[in-house]
file data16.txt (compact mmCIF, C-alpha atoms and all ligand atoms)
# COMPACT_ATOMS: atom_id res chain seq x y z
CA MET A 627 -12.76 -34.36 -54.88
CA ASN A 628 -14.60 -31.10 -54.35
CA LEU A 629 -13.34 -28.35 -52.05
CA SER A 630 -15.24 -29.65 -49.01
CA GLU A 631 -13.68 -33.09 -49.41
CA LYS A 632 -10.19 -31.69 -49.86
CA ASP A 633 -10.79 -29.50 -46.82
CA GLN A 634 -11.47 -32.59 -44.73
CA LEU A 635 -8.21 -34.07 -45.96
CA TYR A 636 -6.05 -31.07 -45.09
CA HIS A 637 -7.60 -28.86 -42.43
CA TRP A 638 -7.93 -28.66 -38.69
CA HIS A 639 -10.74 -26.15 -37.99
CA PRO A 640 -11.16 -23.86 -34.97
CA TYR A 641 -13.35 -25.07 -32.08
CA THR A 642 -14.07 -28.29 -33.98
CA GLN A 643 -14.25 -31.93 -32.94
CA HIS A 644 -13.56 -33.46 -36.31
CA LYS A 645 -14.76 -36.94 -35.37
CA THR A 646 -18.33 -35.69 -35.03
CA THR A 647 -18.23 -33.05 -37.77
CA CYS A 648 -19.44 -33.62 -41.35
CA LEU A 649 -18.07 -32.03 -44.51
CA LEU A 650 -18.07 -28.25 -44.26
CA PRO A 651 -19.55 -25.97 -46.94
CA ALA A 652 -16.86 -24.37 -49.09
CA ILE A 653 -17.67 -20.69 -49.58
CA VAL A 654 -16.51 -19.39 -52.93
CA ARG A 655 -18.09 -15.95 -53.19
CA GLY A 656 -19.55 -13.17 -51.06
CA GLU A 657 -21.46 -9.98 -51.75
CA GLY A 658 -23.17 -7.77 -49.20
CA ALA A 659 -24.69 -10.00 -46.53
CA LEU A 660 -24.71 -13.02 -48.85
CA LEU A 661 -22.31 -15.91 -49.31
CA TRP A 662 -22.39 -18.75 -51.87
CA ASP A 663 -20.86 -22.20 -51.57
CA GLU A 664 -19.30 -24.32 -54.32
CA ASN A 665 -22.67 -25.94 -55.07
CA GLY A 666 -24.29 -22.56 -55.58
CA LYS A 667 -26.22 -22.65 -52.29
CA GLU A 668 -26.85 -19.16 -50.89
CA TYR A 669 -26.40 -18.17 -47.23
CA ILE A 670 -27.25 -15.01 -45.32
CA ASP A 671 -24.29 -14.19 -43.08
CA ALA A 672 -26.34 -13.16 -40.02
CA ILE A 673 -23.31 -13.00 -37.71
CA ALA A 674 -21.08 -10.97 -40.04
CA SER A 675 -18.56 -13.84 -40.15
CA TRP A 676 -17.78 -13.77 -36.42
CA TRP A 677 -18.60 -10.08 -36.05
CA VAL A 678 -15.91 -8.75 -38.38
CA ASN A 679 -17.86 -7.59 -41.42
CA PRO A 680 -20.20 -4.59 -40.95
CA TYR A 681 -20.02 -3.24 -44.52
CA GLY A 682 -20.67 -6.40 -46.52
CA HIS A 683 -18.55 -9.00 -48.25
CA SER A 684 -16.27 -8.04 -51.14
CA ASN A 685 -16.88 -4.36 -50.43
CA GLN A 686 -15.67 -2.38 -53.44
CA PHE A 687 -14.66 0.75 -51.52
CA ILE A 688 -12.41 -1.16 -49.12
CA ALA A 689 -11.12 -3.37 -51.96
CA ASP A 690 -10.09 -0.28 -53.94
CA ALA A 691 -8.26 1.17 -50.93
CA ILE A 692 -6.45 -2.14 -50.42
CA TYR A 693 -5.51 -2.37 -54.10
CA ALA A 694 -4.17 1.19 -54.16
CA GLN A 695 -2.09 0.50 -51.06
CA LEU A 696 -0.85 -2.88 -52.33
CA THR A 697 0.47 -1.22 -55.45
CA THR A 698 2.06 1.68 -53.54
CA LEU A 699 3.55 0.03 -50.46
CA GLU A 700 2.22 -3.36 -49.39
CA HIS A 701 4.30 -3.70 -46.24
CA VAL A 702 7.24 -2.27 -44.42
CA LEU A 703 8.51 -3.23 -40.98
CA PHE A 704 7.28 -1.04 -38.10
CA GLY A 705 10.42 -1.67 -36.08
CA GLY A 706 12.62 1.32 -36.85
CA PHE A 707 10.17 2.73 -39.44
CA THR A 708 6.71 4.17 -39.68
CA ASN A 709 4.31 4.37 -42.63
CA LYS A 710 1.69 6.72 -43.97
CA PRO A 711 -1.51 4.65 -43.59
CA ALA A 712 -0.58 3.86 -39.97
CA VAL A 713 -0.13 7.56 -39.18
CA LEU A 714 -3.35 8.55 -40.96
CA LEU A 715 -5.30 5.77 -39.25
CA SER A 716 -4.07 6.74 -35.78
CA GLU A 717 -4.89 10.37 -36.51
CA GLN A 718 -8.48 9.34 -37.37
CA LEU A 719 -8.77 7.01 -34.37
CA MET A 720 -7.68 9.77 -31.99
CA LYS A 721 -10.76 11.73 -33.06
CA ILE A 722 -13.17 8.95 -32.06
CA LEU A 723 -11.48 7.10 -29.18
CA PRO A 724 -12.20 8.11 -25.56
CA SER A 725 -10.31 11.40 -25.11
CA ASN A 726 -7.80 9.95 -22.63
CA GLN A 727 -6.43 7.43 -25.15
CA LYS A 728 -3.14 8.80 -26.50
CA LYS A 729 -0.95 5.94 -27.76
CA ILE A 730 -1.65 3.21 -30.27
CA PHE A 731 0.04 -0.21 -30.44
CA PHE A 732 -0.61 -2.42 -33.46
CA SER A 733 -0.89 -6.20 -33.63
CA ASP A 734 -2.77 -8.85 -35.62
CA ASN A 735 -5.86 -10.17 -33.83
CA GLY A 736 -8.07 -9.76 -30.80
CA SER A 737 -6.08 -12.14 -28.63
CA THR A 738 -2.82 -10.32 -29.27
CA ALA A 739 -4.51 -6.97 -28.60
CA VAL A 740 -5.50 -8.35 -25.19
CA GLU A 741 -2.07 -9.90 -24.65
CA VAL A 742 -0.41 -6.52 -25.25
CA ALA A 743 -2.75 -4.80 -22.78
CA LEU A 744 -2.12 -7.40 -20.05
CA LYS A 745 1.63 -7.32 -20.56
CA ALA A 746 1.65 -3.53 -20.46
CA ALA A 747 -0.32 -3.57 -17.18
CA LEU A 748 1.98 -6.09 -15.53
CA GLN A 749 5.20 -4.49 -16.79
CA TYR A 750 4.05 -1.01 -15.80
CA PHE A 751 4.13 -2.04 -12.16
CA TYR A 752 7.30 -4.10 -12.65
CA ASN A 753 9.03 -1.03 -14.09
CA LYS A 754 8.02 0.91 -10.97
CA GLY A 755 9.41 -1.83 -8.73
CA GLU A 756 5.93 -2.63 -7.46
CA LYS A 757 4.80 -6.25 -7.40
CA ARG A 758 1.32 -6.45 -8.89
CA THR A 759 0.63 -9.60 -10.86
CA THR A 760 -3.06 -10.37 -10.46
CA VAL A 761 -5.70 -9.56 -13.07
CA ILE A 762 -9.43 -9.25 -12.40
CA ALA A 763 -11.94 -10.48 -14.99
CA PHE A 764 -15.61 -11.35 -15.29
CA GLU A 765 -17.02 -14.84 -15.06
CA ASP A 766 -17.88 -16.19 -18.53
CA ALA A 767 -15.64 -13.58 -20.13
CA PHE A 768 -14.01 -14.23 -23.48
CA HIS A 769 -10.80 -12.41 -24.31
CA GLY A 770 -9.18 -14.78 -26.79
CA ASP A 771 -7.18 -17.99 -27.01
CA THR A 772 -3.53 -17.06 -26.40
CA PHE A 773 -2.26 -17.68 -22.86
CA GLY A 774 -2.86 -14.30 -21.23
CA ALA A 775 -6.17 -13.84 -23.03
CA MET A 776 -7.15 -17.40 -22.14
CA ALA A 777 -6.27 -16.88 -18.48
CA SER A 778 -8.60 -13.91 -18.32
CA SER A 779 -11.37 -15.80 -20.13
CA GLY A 780 -13.91 -17.50 -17.91
CA ILE A 781 -15.60 -19.98 -20.23
CA THR A 782 -14.04 -23.01 -18.59
CA PHE A 783 -14.07 -25.67 -21.31
CA PHE A 784 -12.00 -23.33 -23.48
CA THR A 785 -9.27 -23.21 -20.83
CA GLU A 786 -9.64 -26.29 -18.62
CA ALA A 787 -6.65 -28.17 -20.07
CA PHE A 788 -4.29 -25.30 -19.29
CA GLN A 789 -5.11 -24.55 -15.66
CA GLY A 790 -1.83 -24.30 -13.79
CA SER A 791 -0.04 -22.70 -16.72
CA LEU A 792 -1.90 -19.41 -16.59
CA ILE A 793 -1.38 -15.99 -14.97
CA ASP A 794 -3.29 -15.26 -11.76
CA VAL A 795 -6.82 -14.12 -12.45
CA ILE A 796 -9.61 -13.44 -9.98
CA ARG A 797 -13.09 -13.74 -11.42
CA ILE A 798 -15.99 -11.59 -10.34
CA PRO A 799 -19.69 -12.00 -11.23
CA VAL A 800 -21.03 -10.21 -14.30
CA PRO A 801 -23.20 -7.29 -13.08
CA THR A 802 -26.31 -8.32 -15.00
CA GLU A 803 -29.59 -6.99 -13.64
CA GLY A 804 -29.92 -8.06 -10.02
CA ASN A 805 -26.22 -8.97 -9.66
CA GLU A 806 -24.81 -5.44 -9.46
CA SER A 807 -23.98 -5.36 -5.76
CA LYS A 808 -22.58 -8.91 -5.79
CA SER A 809 -20.25 -7.86 -8.57
CA LYS A 810 -19.21 -4.66 -6.80
CA GLU A 811 -18.58 -6.49 -3.54
CA ALA A 812 -16.44 -9.08 -5.31
CA LEU A 813 -14.40 -6.35 -7.00
CA HIS A 814 -13.73 -4.63 -3.64
CA GLN A 815 -12.77 -7.97 -2.14
CA ALA A 816 -10.46 -8.86 -5.04
CA ILE A 817 -8.63 -5.53 -4.84
CA GLN A 818 -8.29 -5.63 -1.04
CA SER A 819 -6.88 -9.14 -0.81
CA ASN A 820 -4.57 -9.15 -3.86
CA ALA A 821 -1.95 -7.09 -5.62
CA CYS A 822 -4.08 -6.35 -8.68
CA ALA A 823 -2.62 -4.77 -11.81
CA ALA A 824 -5.69 -4.60 -14.02
CA PHE A 825 -9.36 -5.29 -14.52
CA ILE A 826 -10.26 -6.53 -18.00
CA PHE A 827 -13.86 -6.58 -19.24
CA GLU A 828 -16.05 -6.69 -22.31
CA PRO A 829 -17.99 -3.42 -21.96
CA LEU A 830 -21.81 -3.84 -21.83
CA VAL A 831 -21.96 -7.04 -23.90
CA GLN A 832 -20.19 -10.37 -23.41
CA GLY A 833 -20.24 -11.71 -26.95
CA ALA A 834 -18.98 -15.28 -26.70
CA ALA A 835 -20.98 -15.88 -23.51
CA GLY A 836 -24.11 -15.44 -25.65
CA MET A 837 -24.52 -11.66 -25.88
CA VAL A 838 -24.93 -11.30 -22.12
CA MET A 839 -25.67 -7.63 -21.38
CA TYR A 840 -25.28 -5.33 -18.38
CA ALA A 841 -25.81 -1.63 -17.76
CA PRO A 842 -23.34 1.24 -18.22
CA GLU A 843 -24.17 2.64 -14.75
CA ILE A 844 -22.77 -0.36 -12.89
CA LEU A 845 -19.72 -0.52 -15.18
CA ASN A 846 -19.07 3.14 -14.30
CA GLU A 847 -19.13 2.17 -10.64
CA LEU A 848 -16.74 -0.73 -11.14
CA LEU A 849 -14.34 1.49 -13.10
CA THR A 850 -14.49 4.11 -10.36
CA ILE A 851 -13.49 1.50 -7.77
CA CYS A 852 -10.54 0.48 -9.95
CA LYS A 853 -9.42 4.09 -10.44
CA GLU A 854 -9.53 4.74 -6.69
CA ASN A 855 -7.20 1.78 -6.21
CA GLN A 856 -4.86 2.48 -9.15
CA VAL A 857 -5.95 -0.73 -10.86
CA PHE A 858 -5.78 -0.28 -14.64
CA THR A 859 -9.00 -0.84 -16.58
CA ILE A 860 -8.86 -2.63 -19.93
CA ALA A 861 -11.93 -2.35 -22.16
CA ASP A 862 -11.88 -5.32 -24.54
CA GLU A 863 -13.91 -3.82 -27.40
CA VAL A 864 -12.79 -6.46 -29.88
CA MET A 865 -16.44 -7.43 -30.42
CA THR A 866 -18.27 -4.25 -29.38
CA GLY A 867 -16.09 -1.77 -31.31
CA PHE A 868 -17.07 0.14 -34.46
CA GLY A 869 -20.80 0.53 -33.97
CA LYS A 870 -22.11 -2.83 -32.76
CA THR A 871 -23.73 -1.36 -29.65
CA GLY A 872 -25.22 1.62 -31.49
CA LYS A 873 -22.35 3.95 -30.56
CA THR A 874 -18.87 3.84 -32.08
CA PHE A 875 -17.54 2.15 -28.94
CA ALA A 876 -19.43 0.62 -26.02
CA CYS A 877 -17.27 2.86 -23.80
CA ASP A 878 -19.05 5.86 -25.34
CA TYR A 879 -21.98 4.93 -23.05
CA LEU A 880 -19.75 5.46 -19.98
CA LYS A 881 -18.82 8.49 -17.88
CA GLN A 882 -15.58 6.83 -16.83
CA GLN A 883 -12.89 6.20 -19.43
CA PRO A 884 -10.86 2.99 -19.55
CA ASP A 885 -7.05 3.11 -19.31
CA MET A 886 -6.62 0.77 -22.26
CA MET A 887 -8.75 -0.42 -25.15
CA CYS A 888 -8.48 -3.51 -27.37
CA LEU A 889 -9.84 -3.36 -30.92
CA SER A 890 -9.81 -5.82 -33.78
CA LYS A 891 -12.96 -7.40 -35.29
CA ALA A 892 -14.50 -4.94 -37.79
CA LEU A 893 -11.42 -2.69 -37.63
CA THR A 894 -10.64 -3.48 -41.28
CA GLY A 895 -14.22 -4.27 -42.28
CA GLY A 896 -13.46 -7.98 -42.17
CA THR A 897 -10.75 -7.85 -44.81
CA ILE A 898 -7.24 -7.98 -43.34
CA PRO A 899 -6.36 -9.31 -39.88
CA MET A 900 -5.32 -6.41 -37.68
CA ALA A 901 -5.66 -5.28 -34.08
CA ILE A 902 -4.94 -2.28 -31.94
CA THR A 903 -4.34 -1.71 -28.24
CA THR A 904 -4.67 1.90 -27.10
CA PHE A 905 -3.22 3.49 -23.97
CA THR A 906 -3.36 6.59 -21.83
CA ALA A 907 -0.29 8.81 -21.69
CA ALA A 908 0.25 7.75 -18.06
CA ILE A 909 0.74 4.11 -19.05
CA PHE A 910 3.07 5.03 -21.92
CA ASP A 911 5.07 7.20 -19.53
CA GLY A 912 5.63 4.19 -17.28
CA PHE A 913 7.83 2.76 -20.07
CA TYR A 914 9.45 6.06 -21.15
CA ASP A 915 12.91 6.00 -19.61
CA ASP A 916 16.64 6.24 -20.28
CA ASP A 917 16.78 2.57 -19.37
CA THR A 918 16.22 0.43 -22.50
CA ASN A 919 15.03 -2.47 -20.36
CA LYS A 920 11.95 -0.49 -19.38
CA ALA A 921 10.63 -0.53 -22.97
CA LEU A 922 7.72 -2.78 -23.96
CA PHE A 923 9.52 -5.65 -25.66
CA HIS A 924 6.56 -6.93 -27.56
CA GLY A 925 6.00 -6.95 -31.31
CA HIS A 926 4.60 -8.92 -34.21
CA THR A 927 6.12 -9.18 -37.67
CA PHE A 928 3.14 -7.60 -39.44
CA THR A 929 2.74 -4.76 -36.93
CA ALA A 930 0.99 -1.74 -38.53
CA ASN A 931 0.90 -3.44 -41.93
CA PRO A 932 0.19 -0.57 -44.35
CA THR A 933 -2.38 -2.56 -46.34
CA GLY A 934 -4.30 -3.40 -43.16
CA CYS A 935 -4.14 0.24 -42.08
CA ALA A 936 -5.45 1.36 -45.50
CA ALA A 937 -8.34 -1.10 -45.13
CA ALA A 938 -9.05 0.25 -41.64
CA LEU A 939 -9.02 3.84 -42.90
CA ALA A 940 -11.53 2.99 -45.62
CA SER A 941 -13.66 1.10 -43.07
CA LEU A 942 -13.71 4.08 -40.71
CA GLN A 943 -14.82 6.30 -43.55
CA LEU A 944 -17.68 3.89 -44.26
CA LEU A 945 -18.65 3.69 -40.59
CA GLN A 946 -18.96 7.45 -40.42
CA SER A 947 -20.96 7.72 -43.65
CA GLU A 948 -24.61 8.71 -43.46
CA SER A 949 -25.72 5.60 -45.26
CA ILE A 950 -24.03 3.19 -42.82
CA GLN A 951 -25.28 5.18 -39.82
CA ALA A 952 -28.81 4.98 -41.25
CA ASN A 953 -28.43 1.22 -41.79
CA MET A 954 -27.31 0.75 -38.19
CA LYS A 955 -30.43 2.56 -36.95
CA ARG A 956 -32.64 0.54 -39.29
CA VAL A 957 -31.21 -2.78 -38.11
CA HIS A 958 -31.61 -1.68 -34.48
CA GLN A 959 -35.23 -0.66 -35.02
CA SER A 960 -35.99 -3.95 -36.78
CA HIS A 961 -34.47 -5.85 -33.87
CA MET A 962 -36.71 -3.89 -31.48
CA ASP A 963 -39.79 -4.73 -33.57
CA PHE A 964 -38.84 -8.40 -33.74
CA GLN A 965 -38.22 -8.39 -29.99
CA SER A 966 -41.74 -7.05 -29.30
CA LYS A 967 -43.17 -9.73 -31.51
CA ILE A 968 -41.18 -12.70 -30.23
CA LYS A 969 -40.71 -12.01 -26.52
CA SER A 970 -44.04 -13.51 -25.47
CA HIS A 971 -43.52 -16.69 -27.53
CA PRO A 972 -44.02 -19.67 -25.19
CA LYS A 973 -40.54 -21.04 -25.99
CA VAL A 974 -38.74 -17.75 -25.34
CA LYS A 975 -37.27 -17.10 -21.90
CA THR A 976 -35.68 -13.68 -22.44
CA THR A 977 -34.72 -11.33 -25.26
CA ARG A 978 -32.26 -8.47 -25.41
CA VAL A 979 -31.20 -5.84 -27.91
CA LEU A 980 -28.36 -3.34 -27.97
CA GLY A 981 -27.44 -1.55 -31.18
CA VAL A 982 -27.35 -4.12 -33.98
CA ILE A 983 -27.14 -7.04 -31.53
CA PHE A 984 -30.22 -9.16 -30.89
CA ALA A 985 -30.32 -12.21 -28.62
CA LEU A 986 -33.00 -14.55 -27.36
CA GLU A 987 -32.81 -17.33 -24.83
CA ILE A 988 -34.88 -20.47 -25.42
CA ILE A 989 -36.60 -22.11 -22.46
CA THR A 990 -35.07 -25.50 -21.67
CA GLU A 991 -35.26 -27.99 -18.85
CA ASN A 992 -31.60 -28.94 -19.15
CA GLN A 993 -28.53 -26.85 -18.61
CA GLU A 994 -27.61 -26.51 -22.31
CA SER A 995 -23.90 -26.75 -22.93
CA TYR A 996 -22.08 -24.37 -25.24
CA TYR A 997 -21.76 -26.86 -28.10
CA GLY A 998 -24.54 -29.17 -26.84
CA THR A 999 -27.43 -31.03 -28.52
CA MET A 1000 -29.84 -28.10 -28.71
CA ARG A 1001 -27.17 -25.85 -30.11
CA ASN A 1002 -26.24 -28.36 -32.81
CA LYS A 1003 -29.85 -28.94 -33.76
CA LEU A 1004 -30.43 -25.20 -34.11
CA TYR A 1005 -27.19 -24.66 -35.99
CA ASN A 1006 -28.00 -27.35 -38.53
CA PHE A 1007 -31.54 -26.04 -38.96
CA PHE A 1008 -30.21 -22.56 -39.71
CA ILE A 1009 -27.64 -23.85 -42.21
CA GLU A 1010 -30.30 -25.99 -43.97
CA ASN A 1011 -32.34 -22.81 -44.29
CA GLY A 1012 -29.42 -20.83 -45.67
CA ILE A 1013 -28.81 -18.69 -42.58
CA ILE A 1014 -25.47 -18.51 -40.80
CA LEU A 1015 -26.11 -18.24 -37.08
CA ARG A 1016 -24.03 -19.82 -34.32
CA PRO A 1017 -26.19 -20.30 -31.24
CA VAL A 1018 -24.47 -20.52 -27.86
CA GLY A 1019 -26.17 -23.31 -25.93
CA ASN A 1020 -29.82 -22.22 -25.82
CA ILE A 1021 -29.05 -18.62 -26.87
CA VAL A 1022 -29.65 -17.53 -30.46
CA TYR A 1023 -28.15 -14.21 -31.41
CA ILE A 1024 -28.14 -12.11 -34.58
CA LEU A 1025 -25.35 -9.66 -35.35
CA PRO A 1026 -25.63 -8.98 -39.08
CA PRO A 1027 -23.57 -6.80 -41.39
CA TYR A 1028 -25.05 -3.30 -41.06
CA ILE A 1029 -25.84 -3.32 -44.78
CA ILE A 1030 -28.07 -6.42 -44.62
CA SER A 1031 -31.20 -5.69 -46.65
CA GLN A 1032 -34.57 -5.48 -44.92
CA ASN A 1033 -35.78 -8.56 -46.83
CA GLN A 1034 -32.76 -10.57 -45.77
CA LEU A 1035 -33.19 -9.47 -42.17
CA GLU A 1036 -36.90 -10.44 -42.20
CA LYS A 1037 -35.92 -13.84 -43.53
CA VAL A 1038 -33.45 -14.29 -40.67
CA TYR A 1039 -36.20 -13.43 -38.13
CA GLN A 1040 -38.60 -15.84 -39.82
CA VAL A 1041 -36.13 -18.72 -39.70
CA VAL A 1042 -35.32 -17.97 -36.05
CA GLU A 1043 -39.05 -18.03 -35.29
CA ASN A 1044 -39.44 -21.33 -37.19
CA ALA A 1045 -36.47 -22.76 -35.27
CA LEU A 1046 -38.41 -22.33 -32.02
CA GLU A 1047 -40.80 -25.00 -33.29
CA ILE A 1048 -38.09 -27.67 -33.71
CA VAL A 1049 -36.54 -27.48 -30.22
C1 LIG B 1101 -13.10 -12.54 -30.65
C2 LIG B 1101 -12.70 -11.86 -29.40
C3 LIG B 1101 -11.37 -11.87 -28.94
C4 LIG B 1101 -10.31 -12.63 -29.65
O1 LIG B 1101 -10.06 -12.17 -30.92
P1 LIG B 1101 -9.31 -13.11 -31.99
O2 LIG B 1101 -9.11 -12.24 -33.16
O3 LIG B 1101 -10.24 -14.26 -32.24
O4 LIG B 1101 -8.05 -13.57 -31.35
C5 LIG B 1101 -11.08 -11.16 -27.81
N1 LIG B 1101 -12.02 -10.49 -27.13
C6 LIG B 1101 -13.29 -10.45 -27.52
C7 LIG B 1101 -14.29 -9.67 -26.74
C8 LIG B 1101 -13.69 -11.14 -28.67
O5 LIG B 1101 -14.97 -11.13 -29.05
call {"tool": "encode", "arguments": {"input": "data16.txt", "output": "structure tokens"}}
result
Amino acid sequence: MNLSEKDQLYHWHPYTQHKTTCLLPAIVRGEGALLWDENGKEYIDAIASWWVNPYGHSNQFIADAIYAQLTTLEHVLFGGFTNKPAVLLSEQLMKILPSNQKKIFFSDNGSTAVEVALKAALQYFYNKGEKRTTVIAFEDAFHGDTFGAMASSGITFFTEAFQGSLIDVIRIPVPTEGNESKSKEALHQAIQSNACAAFIFEPLVQGAAGMVMYAPEILNELLTICKENQVFTIADEVMTGFGKTGKTFACDYLKQQPDMMCLSKALTGGTIPMAITTFTAAIFDGFYDDDTNKALFHGHTFTANPTGCAAALASLQLLQSESIQANMKRVHQSHMDFQSKIKSHPKVKTTRVLGVIFALEIITENQESYYGTMRNKLYNFFIENGIILRPVGNIVYILPPYIISQNQLEKVYQVVENALEIV
């Protein structure tokens, strides 16, 4: 049996209906934007392996930092102890996070980063003896797959089976162009008729919904409404963080600052699972008390894992390097050029670009479902052509590693253009 066959024997894959899924390619090597499977077939990773890998696969600089840390101190518990890479990482993050973010809580993945933020919001009010248990979130949001994160996610087939077991969430429309006042109205309404603790949102881009974008101006307005009503704002930057939108964080486009931020994907350059939730001093102070019971009783075994922190430190250094910054600008400019070229194609409904994110919507007569026929046809076409892209319904998006070469990027565009002919 080869690896793919053994995989089928042993594994249960994420978001996968195994009855209708064939053997999956077994990736054995990666370098830069390229991956190779066990048969030697080459793929361009045009979605940076679910948005985690800006600096390329098997990056030597990050690998060296990980090796040095592994052979100095691989792990030590964060309960009762601290460690050097964690301290150095937080020190670096404080320089680039919104200036009101003062405390850093470590966990393992995007969902747990969201979970920590939601729990902190709810317990903050509980500690004050105030009953506020409702959370506000956008329609079609994606915040992860654990229960709190799932409750705040709005993509229904992800969460349908668990309705009734979830925290109270009120959903408001996404303020895409033309829907700004509807969204604002709904936020006012939600706050007036409920005891709301927090508003969680993906700033400027909803990744899993298909790179749905909205403007910073309206997000500023929504955040202002929340501030006026003492509703905490949680910026879920798990996807947008570390340069995807063209700035370090999507929140850097805003005048208002969020009360909490969730970070994970790309934090360690796609090497070691790690996540961070950041807080204002005011939120931290809501737990700071002589009473032990007012502490945040949340933690994960691998909290602030030194090796993960060392990988994150190296990644941050790369992000801030001239060469990566230049690559980000190049990818953005290429996306803009491709957009100009493709937007008038008869099969294209809309296109959008922000930072290194490109998306186009294909014209269809049917309401295309998330994992529907068109999506599968496109996905298979891309894989056959050696390009890893995961369309969402009729939306094709590109979010490549920043270091993707110009030739590789042009090939991705060409295959996307060819794909329009098969749907
Ligand atoms: C991927 C994602 C999550 C969940 O992160 P996991 O590491 O998959 O748990 C949460 N929020 C956003 C915006 C994401 O893109």
call {"tool": "residues_around", "arguments": {"input": "data16.txt", "residues": "region 675-688 of chain A", "least_positions_apart": "3", "cutoff": "6 Å", "atoms": "all atoms listed in the file", "output": "NGL selection string"}}
result
:A and (656-659 or 691 or 891-892 or 895-896 or 937 or 940 or 1027-1029)
call {"tool": "residues_around", "arguments": {"input": "data16.txt", "residues": "region 789-795 of chain A", "least_positions_apart": "5", "cutoff": "9 Å", "atoms": "only C-alpha atoms", "output": "number ranges by chain"}}
result
A: 759-763, 773-774, 776-778
call {"tool": "residues_around", "arguments": {"input": "data16.txt", "residues": "Leu650 (chain A)", "least_positions_apart": "4", "cutoff": "8 Å", "atoms": "only C-alpha atoms", "output": "ChimeraX atom specification"}}
result
/A:630,633-634
call {"tool": "atom_distance", "arguments": {"input": "data16.txt", "atom1": "CA of Phe731 (chain A)", "atom2": "CA of Ile902 (chain A)"}}
result
5.6 Å
call {"tool": "residues_around", "arguments": {"input": "data16.txt", "residues": "Gly706 (chain A)", "least_positions_apart": "4", "cutoff": "12 Å", "atoms": "all atoms listed in the file", "output": "list in words"}}
result
Val702, Gly925 and Thr929 of chain A
call {"tool": "residues_near_ligand", "arguments": {"input": "data16.txt", "ligand": "ligand LIG 1101 (chain B)", "cutoff": "6 Å", "atoms": "all atoms listed in the file", "output": "MDAnalysis selection string"}}
result
chainID A and resid 735:737 768:770 828 833 862:865
call {"tool": "atom_distance", "arguments": {"input": "data16.txt", "atom1": "CA of Cys648 (chain A)", "atom2": "CA of Ile670 (chain A)"}}
result
20.6 Å
call {"tool": "closest_atom_pairs", "arguments": {"input": "data16.txt", "of": "region 850-875 of chain A", "to": "region 948-967 of chain A", "cutoff": "9 Å", "atoms": "all atoms listed in the file", "output": "Markdown table"}}
result
| residue | atom | partner | partner_atom | distance |
| --- | --- | --- | --- | --- |
| A:Gly869 | CA | A:Met954 | CA | 7.8 |
| A:Lys870 | CA | A:Met954 | CA | 8.3 |
| A:Gly872 | CA | A:Met954 | CA | 7.1 |
call {"tool": "write_last_selection", "arguments": {"input": "data16.txt", "atoms": "C-alpha atoms", "output": "tab-separated table (two decimals), keeping the file's coordinate frame"}}
result
chain	number	residue	atom	x	y	z
A	869	GLY	CA	-20.80	0.53	-33.97
A	870	LYS	CA	-22.11	-2.83	-32.76
A	872	GLY	CA	-25.22	1.62	-31.49
call {"tool": "residues_near_point", "arguments": {"input": "data16.txt", "point": "(-18.9, -13.8, -24.3)", "cutoff": "9 Å", "atoms": "all atoms listed in the file", "output": "ChimeraX atom specification"}}
result
/A:766-769,779-781,828,831-838
call {"tool": "closest_residue", "arguments": {"input": "data16.txt", "among": "A:Phe784, A:Phe732, A:Phe928, A:Phe825", "to": "Thr904 (chain A)", "atoms": "all atoms listed in the file"}}
result
A:Phe732
call {"tool": "atom_distance", "arguments": {"input": "data16.txt", "atom1": "CA of Ile909 (chain A)", "atom2": "CA of Lys729 (chain A)"}}
result
9.1 Å
call {"tool": "residues_around", "arguments": {"input": "data16.txt", "residues": "Ile1048 (chain A)", "least_positions_apart": "5", "cutoff": "10 Å", "atoms": "all atoms listed in the file", "output": "PyMOL selection string"}}
result
chain A and resi 1000+1003-1004+1007+1043
call {"tool": "closest_residue", "arguments": {"input": "data16.txt", "among": "A:Cys877, A:Ala787, A:Met886, A:Ile844", "to": "Glu811 (chain A)", "atoms": "only C-alpha atoms"}}
result
A:Ile844
call {"tool": "decode", "arguments": {"input": "data16.txt", "residues": "region 834-840 of chain A", "atoms": "N, CA and C atoms", "output": "mmCIF file, in the first residue's frame"}}
result
data_model
loop_
_atom_site.group_PDB
_atom_site.id
_atom_site.type_symbol
_atom_site.label_atom_id
_atom_site.label_comp_id
_atom_site.auth_asym_id
_atom_site.auth_seq_id
_atom_site.Cartn_x
_atom_site.Cartn_y
_atom_site.Cartn_z
ATOM 1 N N ALA A 834 -13.603 32.332 5.439
ATOM 2 C CA ALA A 834 -14.306 31.087 5.116
ATOM 3 C C ALA A 834 -15.585 31.325 4.322
ATOM 4 N N ALA A 835 -16.162 32.519 4.435
ATOM 5 C CA ALA A 835 -17.379 32.829 3.680
ATOM 6 C C ALA A 835 -17.064 33.017 2.192
ATOM 7 N N GLY A 836 -15.779 33.061 1.849
ATOM 8 C CA GLY A 836 -15.379 33.241 0.455
ATOM 9 C C GLY A 836 -14.747 34.608 0.239
ATOM 10 N N MET A 837 -13.935 35.024 1.195
ATOM 11 C CA MET A 837 -13.228 36.312 1.116
ATOM 12 C C MET A 837 -14.213 37.460 0.842
ATOM 13 N N VAL A 838 -15.279 37.467 1.634
ATOM 14 C CA VAL A 838 -16.265 38.554 1.560
ATOM 15 C C VAL A 838 -15.653 39.782 2.239
ATOM 16 N N MET A 839 -15.703 40.928 1.548
ATOM 17 C CA MET A 839 -15.005 42.115 2.066
ATOM 18 C C MET A 839 -15.962 43.260 2.368
ATOM 19 N N TYR A 840 -15.601 44.058 3.360
ATOM 20 C CA TYR A 840 -16.368 45.277 3.672
ATOM 21 C C TYR A 840 -15.392 46.357 4.145
#
